[in-house]
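Heads up: the structure comes next, in structure tokens.
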Amino acid sequence: MFSTVVSGAVKGIMPYLMQVEVDTSDGLPMFNMVGFISGEVREASERVRVSLKNAGFALPPMRITVNLSPADIRKAGIAVDLPVAVGILTAIGEIDSDSLKDTLVIGELGLDGEVKAVSGILPMVAHAHSKGFKTCILPIDNAREGAVVQGMKIIGVSSLSEVVAYLKTERDERDNLIAPTVVDVNALFDNEESTENYLRGMDFSEINGQSAVKRAVEIAAAGYHHILIIGPPGSGKSMVAKRIPSIMPPLSRDEALEVSSIYSVAGMLKKGETLITRRPFMSPHHSITEAALAGGGSIPRPGIISLSHRGVMFLDEMAEFKRNTLNLLRQPLEDREVHIARSGGNFSYPADLLLVGAMNPCPCGYYPDLNKCKCSESEISKYLGRISGPILDRIDICIEAAKIDVTELNHGTQCNETSAEIRKRVMRAVSVQQKRFKNDGIRFNSEMTPSQIQKYCKLGNQEQRLMERIFMTMDLSARAYHKVLRIARTIADLDGSEKIETAHISEAACYRMMDSKYFSKSASSAEPGFSDKVRDRGGSFAERIKSRSEMHTPGERGVS
């Protein structure tokens, strides 16, 4: 007898439908599995045989052959136990093949017949729904995850016996035997209490001082600009970075499905969690390996870069990361995808993230305060040299977190802006960008191509002359030149201005000046650079931001 059961699998993070073909025939008792399978999949034969016996289904002596199709895709790390068991029971006549019409079966079996949870359920169910399947039989622990896909009947089962009983019941009576699992997706996004718990203890109102850093972070969140914060130990760099998700726009439903699918494949959805509705925040340790950061491995899995998709990847003590590890970010930051080639095939993982870096300016952390810094010029140069030029060129905003004055610490938090207040301004800027780019296939100013920059960042004569002077004086690359314009566009959006003005360009240029101060060849010399001259004319950048925040409302901020 022959039977076919449809199951699901993933390659990288891309789901596909897998045909589990079972043939039973007379002959020497044997259980063969074929179809380009790995060792862990081959072991399913013994699990299925024992679980069938312990569930009360005695197999007669026969030759059993199982083929997993398509045969040109290697099956690795896939739990195919339940569909194989159902296929065998169908082949020997225990289950009617018509009962499996338009039904997807996924699950792992224990030796006692228990159906165990597996990874990657959400993308597999979503793919099956797009192919016209109506019902999906899943482990009970994965049922709510699969039920996020609206329009698919999700049947959660805990044992092989339940599966057989369900399939042997008439279709119109099945719901009385096992009620389909239903999830209210709207309630997941409207849960204000969950949002408050998520943001509790992570509010910008707790940060005293650092007006310039908070302003730069607001711009980064509004336009999705990568940002690097440089400053001495204890200046609040990590404290600011960890609060960035609290001012970012919430995930849309499509984005939530993307993120949740990645976490589902990686097996990182918590038990009982159905959908990730908060932007991810990943903070890997500086000892992370290249494979863990980018993804891959013998069984391809998403790395930290992809787990940060649509969210924030925070690299604390960025200069402590290995240079080769940091250089892995060059292509993902540019293409917003990670491409990995392995012997088992080519894999692409999404990598649309906001990179936030924090680092000390020298090994001891106190440069350029020569009263505290004891590092030599070569030590400082070697330390900063761990951040390569191409990586710096891909970071839009570089801001200095100066040492906090004691008067600011004693100021209290009553006058500090809350994350909710900052998020309102960010959301207004994001709304402007959504309207602007509705026909361009992008979402944020940071994603603009050169042709789109020419279209949406038109400059007047005065602004154009200022940009030309900045380009020549700061010796910008073409990429950095475009980044200044993208940042200026975001600042203008935050100010509610349709036109990019000189104040917006001046502030945007200030966010590139830290390159000159710390990463130029003369970083440790006393000779002032262009950024020093600008600061000398108008005080420190932090002081100018602070003074403007005191003089103007939030929507009128800018640096002239």
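Naming scheme: A, B, ... for chains in displayed order of the structure tokens; residues 1 onward per chain; ligands 1 onward as shown.
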
(request) Pick out the residues sitting within 9 Å of region 373-377 of chain A, and hand them over as a list in words; count only C-alpha atoms, and ignore anything fewer than 2 positions along from it in its own chain. (result)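 Counting only the stated atoms, we get Cys362, Pro363, Cys364, Gly365, Tyr366, Tyr367, Pro368, Asp369, Leu370, Asn371, Glu379, Ile380, Ser381, Lys382, Ala523, Ser524 and Ser525 of chain A.
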
Apply DSSP to the backbone of this structure and, from region 150-329 of chain A, keep only the residues in strand (DSSP E); write these as a PDB file with N, CA, C and O atoms, in the first residue's frame.
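Done, and the output landed in out_20.pdb:
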ATOM      1  N   LYS A 153      -7.229  26.374  10.027  1.00  0.00           N
ATOM      2  CA  LYS A 153      -7.732  25.658  11.197  1.00  0.00           C
ATOM      3  C   LYS A 153      -6.567  24.918  11.854  1.00  0.00           C
ATOM      4  O   LYS A 153      -5.937  24.045  11.248  1.00  0.00           O
ATOM      5  N   ILE A 154      -6.291  25.280  13.095  1.00  0.00           N
ATOM      6  CA  ILE A 154      -5.164  24.705  13.817  1.00  0.00           C
ATOM      7  C   ILE A 154      -5.671  23.705  14.852  1.00  0.00           C
ATOM      8  O   ILE A 154      -6.458  24.052  15.740  1.00  0.00           O
ATOM      9  N   ILE A 155      -5.217  22.469  14.726  1.00  0.00           N
ATOM     10  CA  ILE A 155      -5.601  21.406  15.650  1.00  0.00           C
ATOM     11  C   ILE A 155      -4.372  21.039  16.482  1.00  0.00           C
ATOM     12  O   ILE A 155      -3.396  20.480  15.969  1.00  0.00           O
ATOM     13  N   GLY A 156      -4.425  21.368  17.761  1.00  0.00           N
ATOM     14  CA  GLY A 156      -3.318  21.054  18.653  1.00  0.00           C
ATOM     15  C   GLY A 156      -3.511  19.686  19.287  1.00  0.00           C
ATOM     16  O   GLY A 156      -4.566  19.420  19.874  1.00  0.00           O
ATOM     17  N   VAL A 157      -2.509  18.813  19.175  1.00  0.00           N
ATOM     18  CA  VAL A 157      -2.611  17.452  19.704  1.00  0.00           C
ATOM     19  C   VAL A 157      -1.437  17.193  20.645  1.00  0.00           C
ATOM     20  O   VAL A 157      -0.366  17.777  20.512  1.00  0.00           O
ATOM     21  N   ILE A 227      24.161  54.339  14.545  1.00  0.00           N
ATOM     22  CA  ILE A 227      24.746  55.345  15.432  1.00  0.00           C
ATOM     23  C   ILE A 227      25.845  54.723  16.282  1.00  0.00           C
ATOM     24  O   ILE A 227      25.747  53.565  16.705  1.00  0.00           O
ATOM     25  N   LEU A 228      26.905  55.509  16.518  1.00  0.00           N
ATOM     26  CA  LEU A 228      28.007  55.116  17.392  1.00  0.00           C
ATOM     27  C   LEU A 228      28.161  56.174  18.477  1.00  0.00           C
ATOM     28  O   LEU A 228      28.263  57.366  18.180  1.00  0.00           O
ATOM     29  N   ILE A 229      28.173  55.733  19.743  1.00  0.00           N
ATOM     30  CA  ILE A 229      28.303  56.634  20.882  1.00  0.00           C
ATOM     31  C   ILE A 229      29.680  56.410  21.513  1.00  0.00           C
ATOM     32  O   ILE A 229      30.021  55.282  21.884  1.00  0.00           O
ATOM     33  N   ILE A 230      30.470  57.469  21.608  1.00  0.00           N
ATOM     34  CA  ILE A 230      31.821  57.382  22.153  1.00  0.00           C
ATOM     35  C   ILE A 230      31.896  58.215  23.427  1.00  0.00           C
ATOM     36  O   ILE A 230      31.420  59.361  23.459  1.00  0.00           O
ATOM     37  N   PHE A 281      15.771  43.532  20.583  1.00  0.00           N
ATOM     38  CA  PHE A 281      16.972  44.226  21.058  1.00  0.00           C
ATOM     39  C   PHE A 281      17.990  43.148  21.402  1.00  0.00           C
ATOM     40  O   PHE A 281      17.824  42.407  22.367  1.00  0.00           O
ATOM     41  N   MET A 282      19.031  43.054  20.587  1.00  0.00           N
ATOM     42  CA  MET A 282      20.070  42.048  20.790  1.00  0.00           C
ATOM     43  C   MET A 282      21.372  42.748  21.159  1.00  0.00           C
ATOM     44  O   MET A 282      21.760  43.741  20.532  1.00  0.00           O
ATOM     45  N   GLY A 295      25.243  33.913  11.307  1.00  0.00           N
ATOM     46  CA  GLY A 295      24.370  32.778  11.063  1.00  0.00           C
ATOM     47  C   GLY A 295      25.088  31.693  10.297  1.00  0.00           C
ATOM     48  O   GLY A 295      26.252  31.818   9.926  1.00  0.00           O
ATOM     49  N   GLY A 296      24.374  30.592  10.052  1.00  0.00           N
ATOM     50  CA  GLY A 296      24.963  29.472   9.332  1.00  0.00           C
ATOM     51  C   GLY A 296      25.138  28.285  10.253  1.00  0.00           C
ATOM     52  O   GLY A 296      24.273  27.976  11.067  1.00  0.00           O
ATOM     53  N   ARG A 301      21.185  28.231  10.729  1.00  0.00           N
ATOM     54  CA  ARG A 301      20.286  28.954  11.618  1.00  0.00           C
ATOM     55  C   ARG A 301      20.589  30.445  11.525  1.00  0.00           C
ATOM     56  O   ARG A 301      21.711  30.845  11.237  1.00  0.00           O
ATOM     57  N   PRO A 302      19.593  31.300  11.759  1.00  0.00           N
ATOM     58  CA  PRO A 302      19.848  32.743  11.756  1.00  0.00           C
ATOM     59  C   PRO A 302      20.803  33.123  12.881  1.00  0.00           C
ATOM     60  O   PRO A 302      20.785  32.540  13.968  1.00  0.00           O
ATOM     61  N   VAL A 312      16.961  46.452  17.082  1.00  0.00           N
ATOM     62  CA  VAL A 312      18.233  47.081  17.426  1.00  0.00           C
ATOM     63  C   VAL A 312      19.274  46.008  17.738  1.00  0.00           C
ATOM     64  O   VAL A 312      18.992  45.056  18.477  1.00  0.00           O
ATOM     65  N   MET A 313      20.463  46.156  17.158  1.00  0.00           N
ATOM     66  CA  MET A 313      21.602  45.353  17.565  1.00  0.00           C
ATOM     67  C   MET A 313      22.609  46.287  18.228  1.00  0.00           C
ATOM     68  O   MET A 313      23.152  47.184  17.593  1.00  0.00           O
ATOM     69  N   PHE A 314      22.815  46.081  19.525  1.00  0.00           N
ATOM     70  CA  PHE A 314      23.674  46.958  20.320  1.00  0.00           C
ATOM     71  C   PHE A 314      25.013  46.279  20.557  1.00  0.00           C
ATOM     72  O   PHE A 314      25.079  45.213  21.169  1.00  0.00           O
ATOM     73  N   LEU A 315      26.072  46.888  20.055  1.00  0.00           N
ATOM     74  CA  LEU A 315      27.421  46.384  20.263  1.00  0.00           C
ATOM     75  C   LEU A 315      28.090  47.231  21.335  1.00  0.00           C
ATOM     76  O   LEU A 315      28.638  48.300  21.043  1.00  0.00           O
ATOM     77  N   ASP A 316      28.013  46.760  22.563  1.00  0.00           N
ATOM     78  CA  ASP A 316      28.659  47.473  23.667  1.00  0.00           C
ATOM     79  C   ASP A 316      30.148  47.158  23.653  1.00  0.00           C
ATOM     80  O   ASP A 316      30.550  46.039  23.341  1.00  0.00           O
TER      81      ASP A 316
END

Taking 6 positions as the minimum chain separation for residues in the same chain, which residues sit within 7 Å of Thr90 (chain A) when counting only C-alpha atoms? Answer as a ChimeraX atom specification.
/A:3,96-97

For this session: Going by DSSP on the backbone, which bits of region 39-117 of chain A are helix (DSSP H, G or I)? Write them as a PyMOL selection string, please.
Result: chain A and resi 39-42+44-54+81-91+97-100

Just the selected residues (C-alpha atoms), exported as a tab-separated table (two decimals), in the first residue's frame, please.
chain	number	residue	atom	x	y	z
A	39	GLY	CA	21.59	11.30	10.39
A	40	GLU	CA	19.18	12.94	12.84
A	41	VAL	CA	16.30	12.55	10.35
A	42	ARG	CA	17.24	8.91	9.71
A	44	ALA	CA	13.13	9.02	13.09
A	45	SER	CA	12.56	5.44	11.91
A	46	GLU	CA	13.30	3.99	15.35
A	47	ARG	CA	11.33	6.66	17.20
A	48	VAL	CA	8.29	6.07	14.98
A	49	ARG	CA	8.45	2.30	15.31
A	50	VAL	CA	8.60	2.38	19.12
A	51	SER	CA	6.03	5.19	19.52
A	52	LEU	CA	3.55	3.29	17.31
A	53	LYS	CA	3.99	0.19	19.48
A	54	ASN	CA	3.55	2.11	22.75
A	81	ASP	CA	8.12	11.75	13.12
A	82	LEU	CA	4.40	12.51	13.23
A	83	PRO	CA	3.80	12.70	9.44
A	84	VAL	CA	5.82	9.47	8.96
A	85	ALA	CA	3.72	7.70	11.62
A	86	VAL	CA	0.48	8.98	10.08
A	87	GLY	CA	1.72	7.91	6.64
A	88	ILE	CA	2.42	4.36	7.85
A	89	LEU	CA	-0.99	4.09	9.53
A	90	THR	CA	-2.61	5.34	6.32
A	91	ALA	CA	-0.66	2.86	4.20
A	97	SER	CA	-6.37	8.77	3.00
A	98	ASP	CA	-9.32	11.11	2.24
A	99	SER	CA	-9.19	12.37	5.83
A	100	LEU	CA	-5.80	13.98	5.07

Legend entry - Surrounding residues of Met268 (chain A) excluding itself and chain neighbours under 6 positions, 12 Å, only C-alpha atoms, as a ChimeraX atom specification: /A:118-121,259-262,274-276,280,301-304,307

Please list as a ChimeraX atom specification every residue within 9 Å of Ser388 (chain A), counting only C-alpha atoms and excluding residues in the same chain fewer than 6 positions away.
/A:323,326-327

Dump C-alpha atoms for the selected residues as a PDB file, in the first residue's frame?
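Once everything was written out, this is selection37.pdb:
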ATOM      1  CA  ARG A 323      38.172  43.211  13.679  1.00  0.00           C
ATOM      2  CA  LEU A 326      33.028  43.628  12.883  1.00  0.00           C
ATOM      3  CA  ASN A 327      33.897  43.490   9.191  1.00  0.00           C
TER       4      ASN A 327
END

#### Entry: Residues within 7 Å of region 160-166 of chain A, only C-alpha atoms, excluding chain neighbours under 4 positions, as a count of residues only
6

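For the pair CA of Thr181 (chain A) and CA of Ala266 (chain A), the separation is 23.1 Å.
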
Interatomic distance between CA of Gly35 (chain A) and CA of Val22 (chain A)?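 Interatomic distance, CA of Gly35 (chain A) to CA of Val22 (chain A): 11.8 Å.
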
All residues 8 Å or closer to Thr325 (chain A), only C-alpha atoms, same chain fewer than 2 positions away omitted, as a PyMOL selection string
chain A and resi 289-290+293+321-323+327-329

For the residues selected in the previous step, produce a file with N, CA, C and O atoms as a PDB file, in the first residue's frame.
ATOM      1  N   THR A 289      31.367  34.599  18.144  1.00  0.00           N
ATOM      2  CA  THR A 289      32.036  34.086  16.954  1.00  0.00           C
ATOM      3  C   THR A 289      31.385  34.651  15.697  1.00  0.00           C
ATOM      4  O   THR A 289      30.261  35.160  15.730  1.00  0.00           O
ATOM      5  N   GLU A 290      32.096  34.512  14.596  1.00  0.00           N
ATOM      6  CA  GLU A 290      31.572  35.026  13.328  1.00  0.00           C
ATOM      7  C   GLU A 290      30.309  34.279  12.914  1.00  0.00           C
ATOM      8  O   GLU A 290      29.352  34.883  12.412  1.00  0.00           O
ATOM      9  N   LEU A 293      27.310  35.402  14.886  1.00  0.00           N
ATOM     10  CA  LEU A 293      26.856  36.744  14.525  1.00  0.00           C
ATOM     11  C   LEU A 293      26.114  36.737  13.193  1.00  0.00           C
ATOM     12  O   LEU A 293      25.012  37.286  13.079  1.00  0.00           O
ATOM     13  N   PHE A 321      35.385  44.029  20.066  1.00  0.00           N
ATOM     14  CA  PHE A 321      35.051  42.965  19.131  1.00  0.00           C
ATOM     15  C   PHE A 321      36.242  42.729  18.190  1.00  0.00           C
ATOM     16  O   PHE A 321      36.987  43.653  17.872  1.00  0.00           O
ATOM     17  N   LYS A 322      36.398  41.498  17.749  1.00  0.00           N
ATOM     18  CA  LYS A 322      37.465  41.200  16.797  1.00  0.00           C
ATOM     19  C   LYS A 322      37.223  41.961  15.500  1.00  0.00           C
ATOM     20  O   LYS A 322      36.083  42.117  15.060  1.00  0.00           O
ATOM     21  N   ARG A 323      38.298  42.411  14.898  1.00  0.00           N
ATOM     22  CA  ARG A 323      38.172  43.211  13.679  1.00  0.00           C
ATOM     23  C   ARG A 323      37.449  42.435  12.581  1.00  0.00           C
ATOM     24  O   ARG A 323      36.586  42.978  11.888  1.00  0.00           O
ATOM     25  N   ASN A 327      33.923  43.338  10.649  1.00  0.00           N
ATOM     26  CA  ASN A 327      33.897  43.490   9.191  1.00  0.00           C
ATOM     27  C   ASN A 327      32.813  42.634   8.543  1.00  0.00           C
ATOM     28  O   ASN A 327      32.444  42.874   7.386  1.00  0.00           O
ATOM     29  N   LEU A 328      32.308  41.641   9.279  1.00  0.00           N
ATOM     30  CA  LEU A 328      31.170  40.870   8.760  1.00  0.00           C
ATOM     31  C   LEU A 328      29.943  41.746   8.553  1.00  0.00           C
ATOM     32  O   LEU A 328      29.050  41.404   7.774  1.00  0.00           O
ATOM     33  N   LEU A 329      29.896  42.881   9.258  1.00  0.00           N
ATOM     34  CA  LEU A 329      28.727  43.758   9.175  1.00  0.00           C
ATOM     35  C   LEU A 329      28.704  44.586   7.906  1.00  0.00           C
ATOM     36  O   LEU A 329      27.682  45.201   7.593  1.00  0.00           O
TER      37      LEU A 329
END

Inset, instruction - Determine the nearest neighbour of Ile207 (chain A) from the options A:Ala71, A:Ala292, A:Leu188, A:Met239, counting only C-alpha atoms. - result: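 Smallest distance to Ile207 (chain A) is found for A:Met239.
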